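Peer 1: I'd like to ask some things about the structure below.
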2 protein chains.
Amino acid sequence: MNRITATYDIESPVGVARAAQVLAGEQSTGTFTRLAAETDELRERSAARIEKIEITGSRPTPSLPSRKTGDSYERGLVTVSWSLDNFGTSLPTLLSTLAGNLFELAELSAIRLVEMQLPSAFATDHPGPQFGAPGTRDFMGGHQGPVIGTIIKPSVGLNPSETAALVKTLVEAGIDFIKDDELQANGPHCLFEERVKEVSRVINTHADQTGKKVMYAFNLTDEIDQMWRNLELLEAHGGTCAMVCISSVGLTGLRALRDRSPMTIHGHRAGWGIYSRSPNIGISFPVMQKLWRLAGADHLHVNGLANKFTESDDVIAASATSVQTPVAEGGSAHLAMPVYSSGQTVWQIDPARSLLGNDDFIFCAGGGILSHPSGAAAGVIALRQAADAARSGIDIKDYAKEHSELQGAVDTFPEKRITLQGQ
Amino acid sequence: MNRITATYDIESPVGVARAAQVLAGEQSTGTFTRLAAETDELRERSAARIEKIEITGSRPTPSLPSRKTGDSYERGLVTVSWSLDNFGTSLPTLLSTLAGNLFELAELSAIRLVEMQLPSAFATDHPGPQFGAPGTRDFMGGHQGPVIGTIIKPSVGLNPSETAALVKTLVEAGIDFIKDDELQANGPHCLFEERVKEVSRVINTHADQTGKKVMYAFNLTDEIDQMWRNLELLEAHGGTCAMVCISSVGLTGLRALRDRSPMTIHGHRAGWGIYSRSPNIGISFPVMQKLWRLAGADHLHVNGLANKFTESDDVIAASATSVQTPVAEGGSAHLAMPVYSSGQTVWQIDPARSLLGNDDFIFCAGGGILSHPSGAAAGVIALRQAADAARSGIDIKDYAKEHSELQGAVDTFPEKRITLQGQ
């Protein structure tokens, strides 16, 4: 297979079939009216091809404002393909082509990029995640089971020594993984360099004493040159994880980080709502995460089941499993670890694990650890017990009867209802 | 002024005032419930502050799907401010903060970032456009008036020598500026290096013969290292303009380019529809272009009046003027040149110039040049005559009576109706 295919959920006042032609024209030869220089051979080689059209409905008013109006607005799924010859395997140009001007076409009153299939050349030409789940476990000294993590809160305001003091509490509670907040990178009151020094001292001392190396995801989000310097600093202090806000630095920033990183890259998706929030415009996570994995992210945030934000559980399930699905139609699978977070407690571990069928995920809880009635250490133990129960196929309420920390959590945190389609 | 302010157009099932508190909490201290470590001093220093709330309406159903529902959904404008102490002048962290997780809050059924004011520290700490309009004119040998440009079409499919042949026709027609298509960067059938060599030979030969150096915006969009190599190649061939698809490379990619560019940076906004298309989610262009200018774009695409896409003329007017408005509350103004394109003919020059009040813009036309009944050269001359008429305050229909090329264009291209508020 030598073609890239993309499926769009579109709505149009001129009908889905006609709108698909306009879309394919705009995103390849670039003109719907044939120009003099546009020979048949050129068109055959370069024109985007409409592979499939499925009409799904119609409505009397447009979902998004547009210059073009009609009597009705037909909706449907359109699959379009491009030859690798158009732009090779360049990720930025893939983005310009599959997610470029087409979002502004007047013939469309809704357009979401919902699926994308890549030929194996993409898996071959891009480095992908350097470590993934196996490398993450290695950095942690051969960690077994899901990685139980937490987040530094308050998000901003703590200085480096206050941050380190909180980290000390958390590592002593037995946590596997801690991350900076996405709002905290290199603020004047919590300079990156100072934070790295203070926090690393705590992590490394704890590792020396216990043999357990807690993974700390330092948020090094910044300009390229500075991120590279930040990586060097992290490496000098035994760092094992670099966190980056992918949308804030962009795709090439992520790749530049991957090219020089000796440690795992923790991909945060702050700003993702712009892409995900509207059913009528944007890009699905299963599409976007392929680009992020090809560019080198080892861990990718996927929100959490029964989260405090807006995505439904079905969206979370699709996002989490997508990260563990081969990135292209051949070549290296380039799998990453999904990171669950947002309002997570012992109740979400079983369903989070079930939909993956393995322990290769990071499970971040804040209040779900710190609000345990017997303290943070019991909070961490309760989450591990919940993961053990999930692995053994035992209901956590039953498992809790013989595990007091889990019982404490089950009694404390309200049961969350997870609603997955077909369950 | 030591604070960054942002205005959001939000809608909420819990009321605008309450939603504003949640938003401010999520994007600063990060918890609405106060944590132990969150002292009064920390809150005073770090919490985002709600500066202003203006209720604009209410509706019975949510504009975007959300987990939280209500009896009605109140809409309003909310202005929030952050201290520079939270994150300094880092552009990526500014983006994570002002346009991060808040887009996913369940308390919001619509959220658009519509305005942003930056303290002068941003203008001081960032390089901004290196050349802007004055430098662009210098590269062109002291060009006067608006820059008349065009785009290589078909977008993809031409090989380097076919591209160069088309460029020869265009430079001989007297064009000032030519740009690659955003879909054409380094495709296998039109490798960047070959295209640069072939096209530069035409541009440089024409410059030697006529003294006029046409500016060609080579689309060097790629990974960081490759963009830097592309810059070197361009410089070696006398290049004066590097085009980049900003959303495809990301903010740090743009800045990395700026740091090493000896030539103008032409910022294309492919994919902008994701941010602009929905009234209920996204970021306004006047906000985003500030980041792009601070990161170093000299030219920024703003779509065109009466364009073939979806933005209204009022949006175009706001976008174009924003690029010529000081970027922060003090310091260097860091002005860029707006680039008009999309369905542009002689009819749009006067309104495009009027709303700026100057000639510091690039005006790109495709069919508006090539479809002139007397050929491309007459097409370019007609656009210059239209610009002369605009500068002199003469209606183009009157000016056309004594300028045959303009008359040909006026007779050929249908008059476009521009509808600007208050006109």
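In the structure tokens, each chain is lettered A, B, ... as it comes, each chain's residues begin at 1, and ligands are numbered from 1 in order of appearance.
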Pull out every residue of chain B that has at least one atom within 6 Å of chain A, counting only C-alpha atoms, and report them as a PyMOL selection string.
Peer 2: chain B and resi 29-30+42+46+66-67+85-88+92+95-97+99-101+103-106+154-157+183+187-188+222-223+248-253+270-271+273-274+282+309-310
Peer 1: Could you give me, as a ChimeraX atom specification, the residues within 9 Å of stretch 227-240 of chain B, counting only C-alpha atoms and dropping anything in the same chain fewer than 2 positions from it?
Peer 2: /B:136,139-140,192-193,196-197,200-201,204,214-218,220-225,242,253,256-257,260-265
Peer 1: Can you pull out every residue within 10 Å of A:Tyr399, counting only C-alpha atoms, but drop anything in the same chain fewer than 6 positions away, and send it as a PyMOL selection string?
Peer 2: chain A and resi 385-386+388-390+392-393+406-407
Peer 1: Would you export the selected residues with C-alpha atoms as a PDB file, in the first residue's frame, please?
Peer 2:
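Writing the result to again03.pdb gives the following:
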ATOM      1  CA  GLN A 385      -4.573  -3.622  45.340  1.00  0.00           C
ATOM      2  CA  ALA A 386      -7.257  -2.459  42.927  1.00  0.00           C
ATOM      3  CA  ASP A 388      -4.119  -6.675  41.511  1.00  0.00           C
ATOM      4  CA  ALA A 389      -7.841  -7.365  41.780  1.00  0.00           C
ATOM      5  CA  ALA A 390      -8.329  -6.282  38.157  1.00  0.00           C
ATOM      6  CA  SER A 392      -7.005 -11.474  38.892  1.00  0.00           C
ATOM      7  CA  GLY A 393     -10.502 -10.763  37.622  1.00  0.00           C
ATOM      8  CA  LEU A 406      -8.545  -0.912  49.400  1.00  0.00           C
ATOM      9  CA  GLN A 407     -11.487  -1.191  51.755  1.00  0.00           C
TER      10      GLN A 407
END
Peer 1: Enumerate as a PDB file with N, CA and C atoms, in the first residue's frame all residues of stretch 110-229 of chain B assigned to strand (DSSP E) by DSSP on the backbone, naming them with the chain letters and numbers the document uses.
Peer 2:
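Contents of the output file states-v6.pdb:
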ATOM      1  N   ALA B 110     -19.302  26.181  25.843  1.00  0.00           N
ATOM      2  CA  ALA B 110     -18.669  26.922  24.748  1.00  0.00           C
ATOM      3  C   ALA B 110     -17.524  27.704  25.365  1.00  0.00           C
ATOM      4  N   ILE B 111     -16.417  27.807  24.649  1.00  0.00           N
ATOM      5  CA  ILE B 111     -15.297  28.643  25.099  1.00  0.00           C
ATOM      6  C   ILE B 111     -14.387  28.997  23.943  1.00  0.00           C
ATOM      7  N   ARG B 112     -14.300  30.283  23.698  1.00  0.00           N
ATOM      8  CA  ARG B 112     -13.367  30.804  22.692  1.00  0.00           C
ATOM      9  C   ARG B 112     -12.488  31.863  23.340  1.00  0.00           C
ATOM     10  N   LEU B 113     -11.191  31.797  23.062  1.00  0.00           N
ATOM     11  CA  LEU B 113     -10.254  32.818  23.510  1.00  0.00           C
ATOM     12  C   LEU B 113     -10.296  33.932  22.469  1.00  0.00           C
ATOM     13  N   VAL B 114     -10.841  35.086  22.841  1.00  0.00           N
ATOM     14  CA  VAL B 114     -11.092  36.120  21.824  1.00  0.00           C
ATOM     15  C   VAL B 114     -10.160  37.328  21.898  1.00  0.00           C
ATOM     16  N   GLU B 115      -9.577  37.570  23.073  1.00  0.00           N
ATOM     17  CA  GLU B 115      -8.653  38.707  23.182  1.00  0.00           C
ATOM     18  C   GLU B 115      -7.529  38.377  24.148  1.00  0.00           C
ATOM     19  N   MET B 116      -6.370  38.991  23.958  1.00  0.00           N
ATOM     20  CA  MET B 116      -5.240  38.787  24.871  1.00  0.00           C
ATOM     21  C   MET B 116      -4.375  40.052  24.882  1.00  0.00           C
ATOM     22  N   GLN B 117      -4.067  40.537  26.071  1.00  0.00           N
ATOM     23  CA  GLN B 117      -3.185  41.699  26.214  1.00  0.00           C
ATOM     24  C   GLN B 117      -1.919  41.253  26.935  1.00  0.00           C
ATOM     25  N   VAL B 147       2.781  44.751  -2.262  1.00  0.00           N
ATOM     26  CA  VAL B 147       3.490  43.682  -2.965  1.00  0.00           C
ATOM     27  C   VAL B 147       2.449  42.813  -3.678  1.00  0.00           C
ATOM     28  N   ILE B 148       2.551  42.751  -5.003  1.00  0.00           N
ATOM     29  CA  ILE B 148       1.588  41.965  -5.783  1.00  0.00           C
ATOM     30  C   ILE B 148       2.159  40.553  -5.973  1.00  0.00           C
ATOM     31  N   GLY B 149       1.422  39.569  -5.477  1.00  0.00           N
ATOM     32  CA  GLY B 149       1.952  38.206  -5.491  1.00  0.00           C
ATOM     33  C   GLY B 149       1.020  37.197  -6.109  1.00  0.00           C
ATOM     34  N   THR B 150       1.566  36.014  -6.306  1.00  0.00           N
ATOM     35  CA  THR B 150       0.750  34.922  -6.818  1.00  0.00           C
ATOM     36  C   THR B 150       1.274  33.595  -6.286  1.00  0.00           C
ATOM     37  N   ILE B 151       0.549  32.517  -6.586  1.00  0.00           N
ATOM     38  CA  ILE B 151       0.790  31.207  -5.989  1.00  0.00           C
ATOM     39  C   ILE B 151       1.005  30.188  -7.094  1.00  0.00           C
ATOM     40  N   PHE B 177       6.074  38.925  -6.199  1.00  0.00           N
ATOM     41  CA  PHE B 177       6.178  37.893  -5.169  1.00  0.00           C
ATOM     42  C   PHE B 177       5.490  36.616  -5.660  1.00  0.00           C
ATOM     43  N   ILE B 178       6.128  35.484  -5.402  1.00  0.00           N
ATOM     44  CA  ILE B 178       5.525  34.181  -5.745  1.00  0.00           C
ATOM     45  C   ILE B 178       5.699  33.269  -4.543  1.00  0.00           C
ATOM     46  N   LYS B 179       4.683  32.468  -4.282  1.00  0.00           N
ATOM     47  CA  LYS B 179       4.836  31.520  -3.176  1.00  0.00           C
ATOM     48  C   LYS B 179       4.532  30.096  -3.610  1.00  0.00           C
ATOM     49  N   MET B 215      10.559  38.272  -5.048  1.00  0.00           N
ATOM     50  CA  MET B 215      10.654  37.474  -3.818  1.00  0.00           C
ATOM     51  C   MET B 215       9.899  36.168  -4.012  1.00  0.00           C
ATOM     52  N   TYR B 216      10.591  35.052  -3.783  1.00  0.00           N
ATOM     53  CA  TYR B 216       9.945  33.740  -3.887  1.00  0.00           C
ATOM     54  C   TYR B 216       9.918  33.121  -2.495  1.00  0.00           C
ATOM     55  N   ALA B 217       8.726  32.794  -2.017  1.00  0.00           N
ATOM     56  CA  ALA B 217       8.579  32.174  -0.694  1.00  0.00           C
ATOM     57  C   ALA B 217       8.644  30.661  -0.867  1.00  0.00           C
ATOM     58  N   PHE B 218       9.832  30.105  -0.615  1.00  0.00           N
ATOM     59  CA  PHE B 218      10.023  28.659  -0.725  1.00  0.00           C
ATOM     60  C   PHE B 218       9.466  27.985   0.530  1.00  0.00           C
ATOM     61  N   ASN B 219       8.590  27.019   0.332  1.00  0.00           N
ATOM     62  CA  ASN B 219       7.975  26.319   1.460  1.00  0.00           C
ATOM     63  C   ASN B 219       8.961  25.291   2.014  1.00  0.00           C
TER      64      ASN B 219
END
Peer 1: For a test of reading the model, state the distance in Å between atom CA of A:Ser342 and atom CA of A:Gly135, rounded to one decimal.
Peer 2: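 Between atom CA of A:Ser342 and atom CA of A:Gly135 the gap works out to 25.0 Å.
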Peer 1: Could you tell me, as a VMD selection string, which residues of stretch 77-262 of chain B DSSP assigns to alpha helix (DSSP H) when given the backbone?
Peer 2: chain B and resid 84 to 87 91 to 98 120 to 125 132 to 139 160 to 172 192 to 210 224 to 236 246 to 249 251 to 260
Peer 1: Please indicate the distance in Å from atom CA of A:Leu77 to atom CA of A:Pro62, rounded to one decimal place.
Peer 2: 16.4 Å
